[in-house]
Amino acid sequence: MKSPIRKSLKWSVSIALVTLLLAALFSITSNALLGGLSWAFGMLIVLIIVIIGIIFDIIGVASTATDEKPFHAMASKKVKGARQAIYIVRHADRVSNFCNDVIGDISGIVSGTAAAVVVMELALRLGHEEGTTLHTAISVLFTSVIAALTVGGKALGKTLAIRYATEIVFRVGRLILFFEERLHIKIIDANKKRLPAEMNHP
């Protein structure tokens, strides 16, 4: 029991540190982008953050909804991205945790914070300061719209993720391979030792 607990603890600490860094990065980036922009462009930035959260939520759900068997056949035929897809499926718990919890929660928090900045900008443009009736009304409206888009988008995304899980995971595997081959960014360790022996031969 000690080994699983130790591994779980190590993963929890690692993912907590990654969350801390990503949250700071998201916040700094969004604040930098919002600085000096009009409220309309600010809302576009908020919408992009929401969409990022939805996309990662789809990936997380798809990783747990698919089976690795289709990718075994692809890997045996040397289809690019198949090994990465197998890795994703075999580590679906961590992939789901990262995509749904880490990126999903961060995007939710950052989108809310960014929306508050946009609301303040719009209220000031209309000649109303924080705490006024108009500012409160705009804040409630924007917050409600963002919440609706987030929840509705994730609901639709989960349906798509379950229905097209295999294709989604495969596309993500291909994207990971692209980053690793073209940009030389090591994302996962999909080496031969982790795969069945029959996949290592044409």
# chains A, B, ... in the order shown; residues from 1 in each chain; ligands from 1
$ residues_around --residues "Leu22 in chain A" --least-positions-apart "2" --cutoff "12 Å" --atoms "only C-alpha atoms" --output "number ranges by chain"
A: 15-20, 24-30, 98, 102-107, 109-110
$ residues_around --residues "Ser38 in chain A" --least-positions-apart "4" --cutoff "9 Å" --atoms "only C-alpha atoms" --output "list in words"
Leu34, Gly42, Met43, Val118, Glu121 and Leu122 of chain A
$ closest_atom_pairs --of "range 5-84 of chain A" --to "range 161-184 of chain A" --cutoff "8 Å" --atoms "only C-alpha atoms" --output "CSV"
residue,atom,partner,partner_atom,distance
A:Ile58,CA,A:Ala161,CA,5.3
A:Ile59,CA,A:Val169,CA,7.0
A:Val61,CA,A:Ala161,CA,6.0
A:Ala62,CA,A:Ala165,CA,4.4
A:Ser63,CA,A:Val169,CA,6.2
A:Ala65,CA,A:Ile162,CA,5.7
A:Thr66,CA,A:Ala165,CA,5.3
A:Asp67,CA,A:Thr166,CA,7.3
A:Pro70,CA,A:Thr166,CA,7.8
A:Phe71,CA,A:Phe170,CA,7.9
A:Lys80,CA,A:Arg174,CA,6.5
A:Gly81,CA,A:Arg174,CA,4.2
A:Ala82,CA,A:Gly173,CA,6.6
A:Arg83,CA,A:Gly173,CA,7.5
A:Gln84,CA,A:Gly173,CA,4.7
$ residues_around --residues "Gly108 in chain A" --least-positions-apart "3" --cutoff "12 Å" --atoms "only C-alpha atoms" --output "PyMOL selection string"
chain A and resi 23+26-27+46-54+56-57+100-105+111-115+143+146-151+154
$ atom_distance --atom1 "CA of Ile187 in chain A" --atom2 "CA of Val95 in chain A"
11.9 Å
